[in-house]
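Have a look at work.cif; it's mmCIF, C-alpha atoms and all ligand atoms:
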```cif
data_input
#
loop_
_atom_site.label_atom_id
_atom_site.label_comp_id
_atom_site.auth_asym_id
_atom_site.auth_seq_id
_atom_site.Cartn_x
_atom_site.Cartn_y
_atom_site.Cartn_z
CA MET O 1 117.13 -13.20 10.73
CA VAL O 2 115.95 -9.61 11.26
CA MET O 3 115.04 -8.09 7.90
CA GLY O 4 117.52 -5.75 6.24
CA ARG O 5 115.02 -2.90 6.05
CA CYS O 6 114.63 -2.87 9.85
CA HIS O 7 118.41 -2.77 10.37
CA ALA O 8 118.78 -0.09 7.70
CA ALA O 9 116.14 2.08 9.43
CA HIS O 10 118.06 1.72 12.73
CA GLY O 11 121.34 2.62 11.00
CA ALA O 12 119.77 5.67 9.33
CA SER O 13 118.43 6.81 12.72
CA ALA O 14 121.86 6.33 14.29
CA GLY O 15 123.55 8.35 11.51
CA LEU O 16 120.97 11.13 11.70
CA GLY O 17 121.06 11.12 15.51
CA LEU O 18 124.85 11.46 15.50
CA THR O 19 124.62 14.35 13.05
CA ASN O 20 122.11 16.04 15.38
CA LEU O 21 124.52 15.50 18.27
CA ALA O 22 127.46 16.89 16.27
CA GLY O 23 125.33 19.94 15.43
CA ALA O 24 124.48 20.44 19.10
CA CYS O 25 128.23 20.30 19.86
CA GLY O 26 128.90 23.11 17.37
CA ALA O 27 130.02 21.16 14.26
CA HIS O 28 128.89 22.37 10.85
CA VAL O 29 125.94 20.19 9.86
CA ASP O 30 122.89 20.73 7.69
CA LEU O 31 120.14 18.61 6.14
CA ALA O 32 122.35 17.53 3.20
CA VAL O 33 125.16 16.34 5.51
CA ALA O 34 122.62 14.60 7.76
CA LEU O 35 121.11 12.71 4.81
CA VAL O 36 124.53 11.55 3.60
CA ILE O 37 125.53 10.33 7.08
CA GLY O 38 122.07 8.76 7.56
CA GLY O 39 122.39 6.96 4.20
CA LEU O 40 125.84 5.63 5.08
CA GLY O 41 124.56 4.52 8.50
CA ALA O 42 121.68 2.68 6.82
CA GLY O 43 124.08 0.80 4.54
CA ALA O 44 126.51 0.05 7.36
CA ALA O 45 123.73 -1.42 9.46
CA ILE O 46 123.21 -4.28 7.03
CA ALA O 47 126.92 -5.07 6.52
CA PRO O 48 127.31 -7.46 9.53
CA ASP O 49 124.89 -9.94 7.95
CA LEU O 50 127.49 -10.57 5.23
CA ASP O 51 128.07 -13.58 7.50
CA HIS O 52 124.81 -15.06 6.13
CA GLU O 53 124.63 -16.10 2.48
CA GLY O 54 120.95 -15.17 2.13
CA ALA O 55 121.29 -11.62 3.55
CA THR O 56 120.62 -8.51 1.45
CA ALA O 57 124.27 -7.41 1.73
CA SER O 58 125.54 -10.80 0.51
CA ARG O 59 123.24 -10.82 -2.51
CA SER O 60 123.62 -7.17 -3.54
CA LEU O 61 126.59 -7.31 -5.95
CA GLY O 62 126.49 -10.82 -7.41
CA PRO O 63 129.75 -12.79 -7.16
CA ILE O 64 131.63 -9.92 -5.47
CA THR O 65 129.47 -9.84 -2.32
CA ALA O 66 128.80 -13.60 -2.49
CA GLY O 67 132.58 -14.19 -2.41
CA ALA O 68 133.04 -11.66 0.41
CA SER O 69 130.25 -13.40 2.32
CA LEU O 70 131.93 -16.80 1.94
CA GLY O 71 135.25 -15.43 3.23
CA ILE O 72 133.56 -13.67 6.16
CA ARG O 73 131.57 -16.82 7.07
CA LYS O 74 134.76 -18.87 7.15
CA LEU O 75 136.60 -16.22 9.21
CA SER O 76 133.63 -15.88 11.57
CA ALA O 77 133.28 -19.64 12.14
CA PHE O 78 137.05 -19.87 12.67
CA THR O 79 137.05 -17.05 15.25
CA TYR O 80 134.06 -18.62 16.99
CA ARG O 81 135.65 -22.04 17.18
CA HIS O 82 138.94 -20.74 18.54
CA THR O 83 137.53 -18.38 21.16
CA GLN O 84 134.44 -20.28 22.40
CA THR O 85 134.30 -21.60 25.95
CA LYS O 86 132.78 -24.92 27.05
CA ALA O 87 129.57 -23.10 28.00
CA ASP O 88 129.07 -21.53 24.55
CA ARG O 89 126.64 -23.16 22.16
CA SER O 90 128.11 -24.35 18.88
CA ASN O 91 128.01 -22.11 15.80
CA LYS O 92 129.28 -23.80 12.67
CA SER O 93 127.82 -21.33 10.15
CA GLY O 94 129.55 -18.26 11.64
CA HIS O 95 126.30 -16.25 11.52
CA ARG O 96 125.96 -13.69 14.35
CA GLY O 97 129.63 -14.16 15.11
CA ILE O 98 132.55 -11.74 14.91
CA THR O 99 130.80 -9.17 12.66
CA HIS O 100 128.18 -8.78 15.41
CA THR O 101 130.68 -7.73 18.11
CA GLY O 102 132.23 -4.39 19.13
CA PRO O 103 135.76 -5.27 17.92
CA GLY O 104 134.22 -6.67 14.71
CA ALA O 105 132.34 -3.41 14.07
CA VAL O 106 135.52 -1.39 14.68
CA ALA O 107 137.46 -3.70 12.33
CA ILE O 108 134.89 -3.26 9.54
CA GLY O 109 135.00 0.56 9.98
CA ALA O 110 138.81 0.51 10.11
CA PHE O 111 138.97 -1.66 6.97
CA PHE O 112 136.98 0.81 4.86
CA GLY O 113 138.41 3.99 6.46
CA GLY O 114 141.90 2.52 6.25
CA THR O 115 141.48 1.57 2.57
CA ILE O 116 140.58 5.19 1.74
CA ALA O 117 143.49 6.56 3.84
CA ILE O 118 146.05 4.19 2.27
CA ALA O 119 144.77 4.91 -1.26
CA GLY O 120 144.98 8.64 -0.46
CA ALA O 121 148.62 8.22 0.66
CA PHE O 122 149.47 6.97 -2.86
CA SER O 123 147.76 9.77 -4.70
CA HIS O 124 144.96 12.27 -4.26
CA ALA O 125 143.01 10.72 -7.15
CA ALA O 126 143.32 7.19 -5.69
CA GLY O 127 142.00 8.45 -2.33
CA THR O 128 139.07 10.16 -4.04
CA TRP O 129 138.10 7.05 -6.03
CA ALA O 130 138.44 4.82 -2.98
CA ALA O 131 136.12 7.12 -0.99
CA VAL O 132 133.66 7.26 -3.89
CA ALA O 133 133.67 3.44 -4.15
CA VAL O 134 133.04 3.04 -0.41
CA ILE O 135 130.20 5.58 -0.42
CA TRP O 136 128.68 3.86 -3.46
CA LEU O 137 128.83 0.43 -1.81
CA PHE O 138 127.10 1.60 1.36
CA PHE O 139 124.49 3.65 -0.52
CA THR O 140 123.79 0.57 -2.68
CA TRP O 141 123.33 -1.54 0.46
CA ALA O 142 120.97 1.10 1.92
CA LEU O 143 118.92 1.20 -1.30
CA ARG O 144 118.78 -2.60 -1.59
CA ALA O 145 117.54 -2.89 2.00
CA LEU O 146 115.07 0.00 2.21
CA PRO O 147 111.78 0.25 0.31
CA PRO O 148 110.71 0.90 -2.40
CA ASN O 149 111.97 -2.36 -3.91
CA HIS O 150 113.60 -1.67 -7.25
CA SER O 151 115.70 -3.81 -9.57
CA HIS O 152 119.43 -4.16 -8.91
CA LYS O 153 120.19 -2.03 -11.96
CA ARG O 154 117.95 0.82 -10.88
CA ASP O 155 119.45 0.83 -7.38
CA TYR O 156 123.00 0.88 -8.85
CA ILE O 157 122.12 3.91 -10.98
CA THR O 158 120.42 5.72 -8.08
CA ALA O 159 123.41 4.92 -5.83
CA THR O 160 125.78 6.36 -8.45
CA VAL O 161 123.89 9.66 -8.64
CA LEU O 162 123.60 9.88 -4.83
CA THR O 163 127.28 8.98 -4.42
CA PHE O 164 128.51 11.90 -6.48
CA ALA O 165 126.17 14.27 -4.62
CA GLY O 166 127.26 12.73 -1.28
CA TRP O 167 130.94 12.94 -2.16
CA TRP O 168 130.61 16.59 -3.14
CA ILE O 169 128.84 17.40 0.15
CA LEU O 170 131.39 15.55 2.30
CA ARG O 171 134.37 16.97 0.41
CA THR O 172 133.04 20.51 0.78
CA HIS O 173 132.73 20.29 4.57
CA TYR O 174 135.10 17.57 5.78
CA ALA O 175 137.91 17.31 3.21
CA GLY O 176 140.67 16.40 5.71
CA ILE O 177 138.84 13.81 7.79
CA ILE O 178 136.90 11.70 5.29
CA PRO O 179 138.62 8.33 6.10
CA VAL O 180 138.00 8.82 9.86
CA LEU O 181 134.46 10.10 9.32
CA LEU O 182 133.41 7.24 7.00
CA GLY O 183 135.19 4.60 9.11
CA SER O 184 133.46 5.84 12.29
CA VAL O 185 129.97 5.99 10.76
CA ILE O 186 130.45 2.47 9.32
CA ALA O 187 131.66 1.05 12.67
CA ILE O 188 128.74 2.64 14.54
CA GLY O 189 126.22 1.39 11.93
CA CYS O 190 127.60 -2.15 12.29
CA TYR O 191 127.30 -2.12 16.08
CA VAL O 192 123.76 -0.72 15.81
CA HIS O 193 122.98 -3.81 13.72
CA ALA O 194 124.31 -6.08 16.48
CA ILE O 195 122.20 -4.24 19.08
CA GLY O 196 119.16 -4.64 16.78
CA ASP O 197 119.73 -8.40 16.64
CA GLY O 198 119.88 -8.32 20.45
CA LEU O 199 116.21 -7.31 20.45
CA THR O 200 115.24 -10.65 18.95
CA ASP O 201 114.82 -14.07 20.48
CA TYR O 202 118.34 -15.13 19.50
CA GLY O 203 120.40 -12.29 21.03
CA SER O 204 123.77 -10.94 19.92
CA PRO O 205 127.37 -11.41 21.22
CA LEU O 206 127.61 -7.74 22.22
CA ILE O 207 130.26 -8.12 24.96
CA TRP O 208 132.71 -10.35 23.06
CA PRO O 209 135.64 -10.90 23.86
CA PHE O 210 134.56 -10.63 27.51
CA THR O 211 132.76 -13.52 29.16
CA TRP O 212 129.43 -13.59 30.97
CA LYS O 213 128.12 -16.69 32.75
CA GLY O 214 131.15 -18.51 31.39
CA GLN O 215 130.20 -17.77 27.77
CA ARG O 216 132.36 -15.64 25.49
CA TRP O 217 129.66 -15.59 22.83
CA TYR O 218 126.90 -14.87 25.34
CA PRO O 219 123.78 -13.80 23.37
CA CYS O 220 123.02 -10.41 24.97
CA GLY O 221 119.67 -8.74 24.56
CA MET O 222 116.44 -7.62 26.09
CA PRO O 223 114.88 -9.51 29.02
CA ARG O 224 113.47 -12.71 27.56
CA PHE O 225 109.79 -11.76 27.73
CA LEU O 226 110.48 -8.59 25.67
CA ARG O 227 112.41 -10.34 22.90
CA PHE O 228 110.52 -10.81 19.66
CA LYS O 229 110.88 -13.32 16.87
CA ALA O 230 113.03 -11.96 14.02
CA GLY O 231 111.13 -11.28 10.78
CA LYS O 232 107.68 -11.71 12.37
CA LYS O 233 104.71 -9.56 13.42
CA VAL O 234 106.30 -7.42 16.15
CA GLU O 235 109.21 -6.53 13.87
CA ASN O 236 107.07 -5.78 10.81
CA ARG O 237 104.20 -3.95 12.49
CA LEU O 238 105.86 -2.19 15.41
CA VAL O 239 109.68 -2.06 15.45
CA TYR O 240 110.16 -1.29 11.75
CA PRO O 241 107.49 1.48 11.41
CA LEU O 242 108.69 3.14 14.65
CA SER O 243 112.30 3.01 13.42
CA LEU O 244 111.29 4.69 10.15
CA VAL O 245 109.36 7.43 12.00
CA LEU O 246 112.38 8.06 14.24
CA ALA O 247 114.64 8.45 11.18
CA VAL O 248 112.21 10.90 9.53
CA VAL O 249 111.87 12.98 12.72
CA LEU O 250 115.66 13.13 13.15
CA ALA O 251 116.05 14.25 9.52
CA ALA O 252 113.18 16.78 9.74
CA TRP O 253 114.98 18.46 12.64
CA PHE O 254 117.45 19.89 10.09
CA ILE O 255 114.77 21.59 8.00
CA PRO O 256 115.06 25.32 8.83
CA GLY O 257 112.19 26.45 11.04
CA VAL O 258 111.13 22.99 12.28
CA GLY O 259 112.91 23.43 15.63
CA LEU O 260 111.21 26.82 16.11
CA LEU O 261 107.79 25.36 15.21
CA VAL O 262 108.19 22.56 17.76
CA GLU O 263 109.30 25.07 20.43
CA ARG O 264 106.21 27.21 19.76
CA ALA O 265 103.92 24.17 19.85
CA ILE O 266 105.40 23.14 23.21
CA ASP O 267 105.01 26.72 24.51
CA ARG O 268 101.38 26.77 23.41
CA MET O 269 100.67 23.41 25.04
CA ALA O 270 102.27 24.71 28.22
CA GLY O 271 99.85 27.64 28.06
CA HIS O 272 102.36 30.48 27.52
ZN ZN G 301 122.61 -9.86 12.08
#
```
Entire entry expressed as C-alpha cells:
Amino acid sequence: MVMGRCHAAHGASAGLGLTNLAGACGAHVDLAVALVIGGLGAGAAIAPDLDHEGATASRSLGPITAGASLGIRKLSAFTYRHTQTKADRSNKSGHRGITHTGPGAVAIGAFFGGTIAIAGAFSHAAGTWAAVAVIWLFFTWALRALPPNHSHKRDYITATVLTFAGWWILRTHYAGIIPVLLGSVIAIGCYVHAIGDGLTDYGSPLIWPFTWKGQRWYPCGMPRFLRFKAGKKVENRLVYPLSLVLAVVLAAWFIPGVGLLVERAIDRMAGH
C-alpha cells in the first residue's frame, strides 16, 4: 500500500493547483484560501484507503473510523463481486475497489457535500456545524498522514484550531457554495489518490465501470517498467519528496511578490 503521506502530498498539490487555476480564471483566491483547499485535498487523498483496515484513515478516530472502514470494505467487496467479469482477478478484501474509481470518488464527495447541504436545509446552525465537522475530519486525516508525526490528541487539537480558521476563511469568501466547494475538493482528492495508486506495481481501477481487455476492474497505471513498488525506495526517496516540493511551490505562488521575482529571474536568464 502506498503510504498515506505520499497520497496526502499529492492531494495537497491537487488542491493548491486547483486554487492556482481558479485564480488564473479570475476567482478570488489568496494564500489563506489556497492553504485551506490544499489541506482539505491532502485529507481527501487518504480517504479511499478506508477500504483497508491498516490505513491511516481507518485508524485515525478509533472505533468511528474502524467501523466506517469495516462497512466500506464490505460494500467494496460486494460491488466488486457483483460487477466483476470472468477476466477480472478476485478481490475478496475490497481493497482498491469502488473507493478507487471515478464514480466512487464522486460518491464520497457527494456524501460529504450532501450532508452539509441537507443539514443546512434544516437550519443555518446545523449546516455550519456539519461543515465544521467535515473540515475537521479532513484536516485530521491530513495531519495524521503528513509529518511531523504527533500523537492523536495533539493532531486533534491542531485540527480543531485549523478548522475554525479554515471555516472563517471559507465562510468569508464562499458562503453560498460551501457544500459544492467541499464536495468537489473531496471528490478530486479521492481520485488523485486512485491515480497515485496507479503509479505502483498493482495499478488502480481508474476506468470502472467501463471495461478494458474484458476486465471491469482493470488495474490502470503507468507502463509496467515505470511502475514502482508501493512503500519502497522509489516512493520514499523520489516520488514523496518531489510531491512535497510541488505542493510547496504551488503554495509559494500565492505569496505576494513571488510571481514577480520568478518573472524577473526568467528575464535575467533570458538576457533581457
Ligand atoms: Zn489506495
Within 6 Å of ligand ZN 301 (chain G) (counting all atoms listed in the file), which residues show up? I'd like them as a PDB file with C-alpha atoms, in the coordinates of the input.
```
ATOM      1  CA  PRO O  48     127.310  -7.460   9.530  1.00  0.00           C
ATOM      2  CA  ASP O  49     124.890  -9.940   7.950  1.00  0.00           C
ATOM      3  CA  ARG O  96     125.960 -13.690  14.350  1.00  0.00           C
ATOM      4  CA  ASP O 197     119.730  -8.400  16.640  1.00  0.00           C
TER       5      ASP O 197
END
```
Within 12 Å of stretch 1-11 of chain O, which residues of stretch 118-145 of chain O show up? Give each one with its shortest atom-to-atom distance in Å (one decimal) and the two atoms involved, counting only C-alpha atoms, rows by chain then rising residue number, as CSV.
```
residue,atom,partner,partner_atom,distance
O:Phe138,CA,O:Ala8,CA,10.6
O:Phe139,CA,O:Ala8,CA,10.7
O:Thr140,CA,O:Ala8,CA,11.5
O:Trp141,CA,O:Ala8,CA,8.7
O:Ala142,CA,O:Ala8,CA,6.3
O:Leu143,CA,O:Ala8,CA,9.1
O:Arg144,CA,O:Arg5,CA,8.5
O:Ala145,CA,O:Arg5,CA,4.8
```
Output of the above residues as an mmCIF file, in the frame of the given file, restricted to C-alpha atoms:
```cif
data_model
loop_
_atom_site.group_PDB
_atom_site.id
_atom_site.type_symbol
_atom_site.label_atom_id
_atom_site.label_comp_id
_atom_site.auth_asym_id
_atom_site.auth_seq_id
_atom_site.Cartn_x
_atom_site.Cartn_y
_atom_site.Cartn_z
ATOM 1 C CA PHE O 138 127.100 1.600 1.360
ATOM 2 C CA PHE O 139 124.490 3.650 -0.520
ATOM 3 C CA THR O 140 123.790 0.570 -2.680
ATOM 4 C CA TRP O 141 123.330 -1.540 0.460
ATOM 5 C CA ALA O 142 120.970 1.100 1.920
ATOM 6 C CA LEU O 143 118.920 1.200 -1.300
ATOM 7 C CA ARG O 144 118.780 -2.600 -1.590
ATOM 8 C CA ALA O 145 117.540 -2.890 2.000
#
```
Any idea what's packed within 6 Å of O:His193, counting only C-alpha atoms, ignoring anything in its chain fewer than 2 positions away? Could you give it as a PDB file with C-alpha atoms, in the frame of the given file?
```pdb
ATOM      1  CA  HIS O   7     118.410  -2.770  10.370  1.00  0.00           C
ATOM      2  CA  ALA O  45     123.730  -1.420   9.460  1.00  0.00           C
ATOM      3  CA  CYS O 190     127.600  -2.150  12.290  1.00  0.00           C
ATOM      4  CA  TYR O 191     127.300  -2.120  16.080  1.00  0.00           C
ATOM      5  CA  ILE O 195     122.200  -4.240  19.080  1.00  0.00           C
ATOM      6  CA  GLY O 196     119.160  -4.640  16.780  1.00  0.00           C
TER       7      GLY O 196
END
```
Problem set entry | Among the residues O:Ala247, O:Tyr240, O:His82, O:Thr101, the one that comes closest to O:Cys220 [using only C-alpha atoms] |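 Of all the options, O:Thr101 lies closest to O:Cys220.
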Seminar exercise, completed: A straight line from atom CA of O:Ile108 to atom CA of O:Gly127 spans 18.1 Å
For this session: Provide the atom CA of O:Val33 to atom CA of O:Ile188 distance in Å, to one decimal place.
Result: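 Value for the atom CA of O:Val33-atom CA of O:Ile188 distance: 16.8 Å.
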Exercise. Nearest to O:Gly62 among O:Arg171, O:His152, O:His28, O:Lys74, with distances taken over all atoms listed in the file: which residue is it?
Worked result: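 Smallest separation from O:Gly62 among the options: O:His152.
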Exercise. Any idea what the distance is between atom CA of O:Ser184 and atom CA of O:Ala57?
Worked result: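 Taking atom CA of O:Ser184 as the start and atom CA of O:Ala57 as the end point, the length is 19.3 Å.
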Exercise. Between O:Leu206, O:Val234, O:Leu261, O:Leu16, which one has atoms that come closest to O:Tyr218, using all atoms listed in the file?
Worked result: O:Leu206
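Distance check against O:Lys86 using all atoms listed in the file: of O:Trp168, O:Trp217, O:Phe111, O:Trp253, the minimum falls on O:Trp217.
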Problem set entry | Option closest in space to O:Asp155, from O:Leu137, O:Ala119, O:Leu50, O:Ile177 [counting only C-alpha atoms] |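 Of all the options, O:Leu137 lies closest to O:Asp155.
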For this session: Can you work out which one of O:Ala42, O:Val258, O:Ile72, O:Ala131 has the shortest atom-to-atom distance to O:Val180, counting only C-alpha atoms?
Result: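 For O:Val180, the nearest of the candidates is O:Ala131.
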With only C-alpha atoms as the counted atoms, please give the residues lying no more than 9 Å from O:Ala130, apart from itself and same-chain residues fewer than 2 positions off, as a PDB file with C-alpha atoms, in the coordinates of the input.
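Saved to around-v2.pdb:
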```pdb
ATOM      1  CA  PHE O 112     136.980   0.810   4.860  1.00  0.00           C
ATOM      2  CA  THR O 115     141.480   1.570   2.570  1.00  0.00           C
ATOM      3  CA  ILE O 116     140.580   5.190   1.740  1.00  0.00           C
ATOM      4  CA  ALA O 117     143.490   6.560   3.840  1.00  0.00           C
ATOM      5  CA  ALA O 119     144.770   4.910  -1.260  1.00  0.00           C
ATOM      6  CA  GLY O 120     144.980   8.640  -0.460  1.00  0.00           C
ATOM      7  CA  ALA O 125     143.010  10.720  -7.150  1.00  0.00           C
ATOM      8  CA  ALA O 126     143.320   7.190  -5.690  1.00  0.00           C
ATOM      9  CA  GLY O 127     142.000   8.450  -2.330  1.00  0.00           C
ATOM     10  CA  THR O 128     139.070  10.160  -4.040  1.00  0.00           C
ATOM     11  CA  VAL O 132     133.660   7.260  -3.890  1.00  0.00           C
ATOM     12  CA  ALA O 133     133.670   3.440  -4.150  1.00  0.00           C
ATOM     13  CA  VAL O 134     133.040   3.040  -0.410  1.00  0.00           C
ATOM     14  CA  ILE O 135     130.200   5.580  -0.420  1.00  0.00           C
TER      15      ILE O 135
END
```
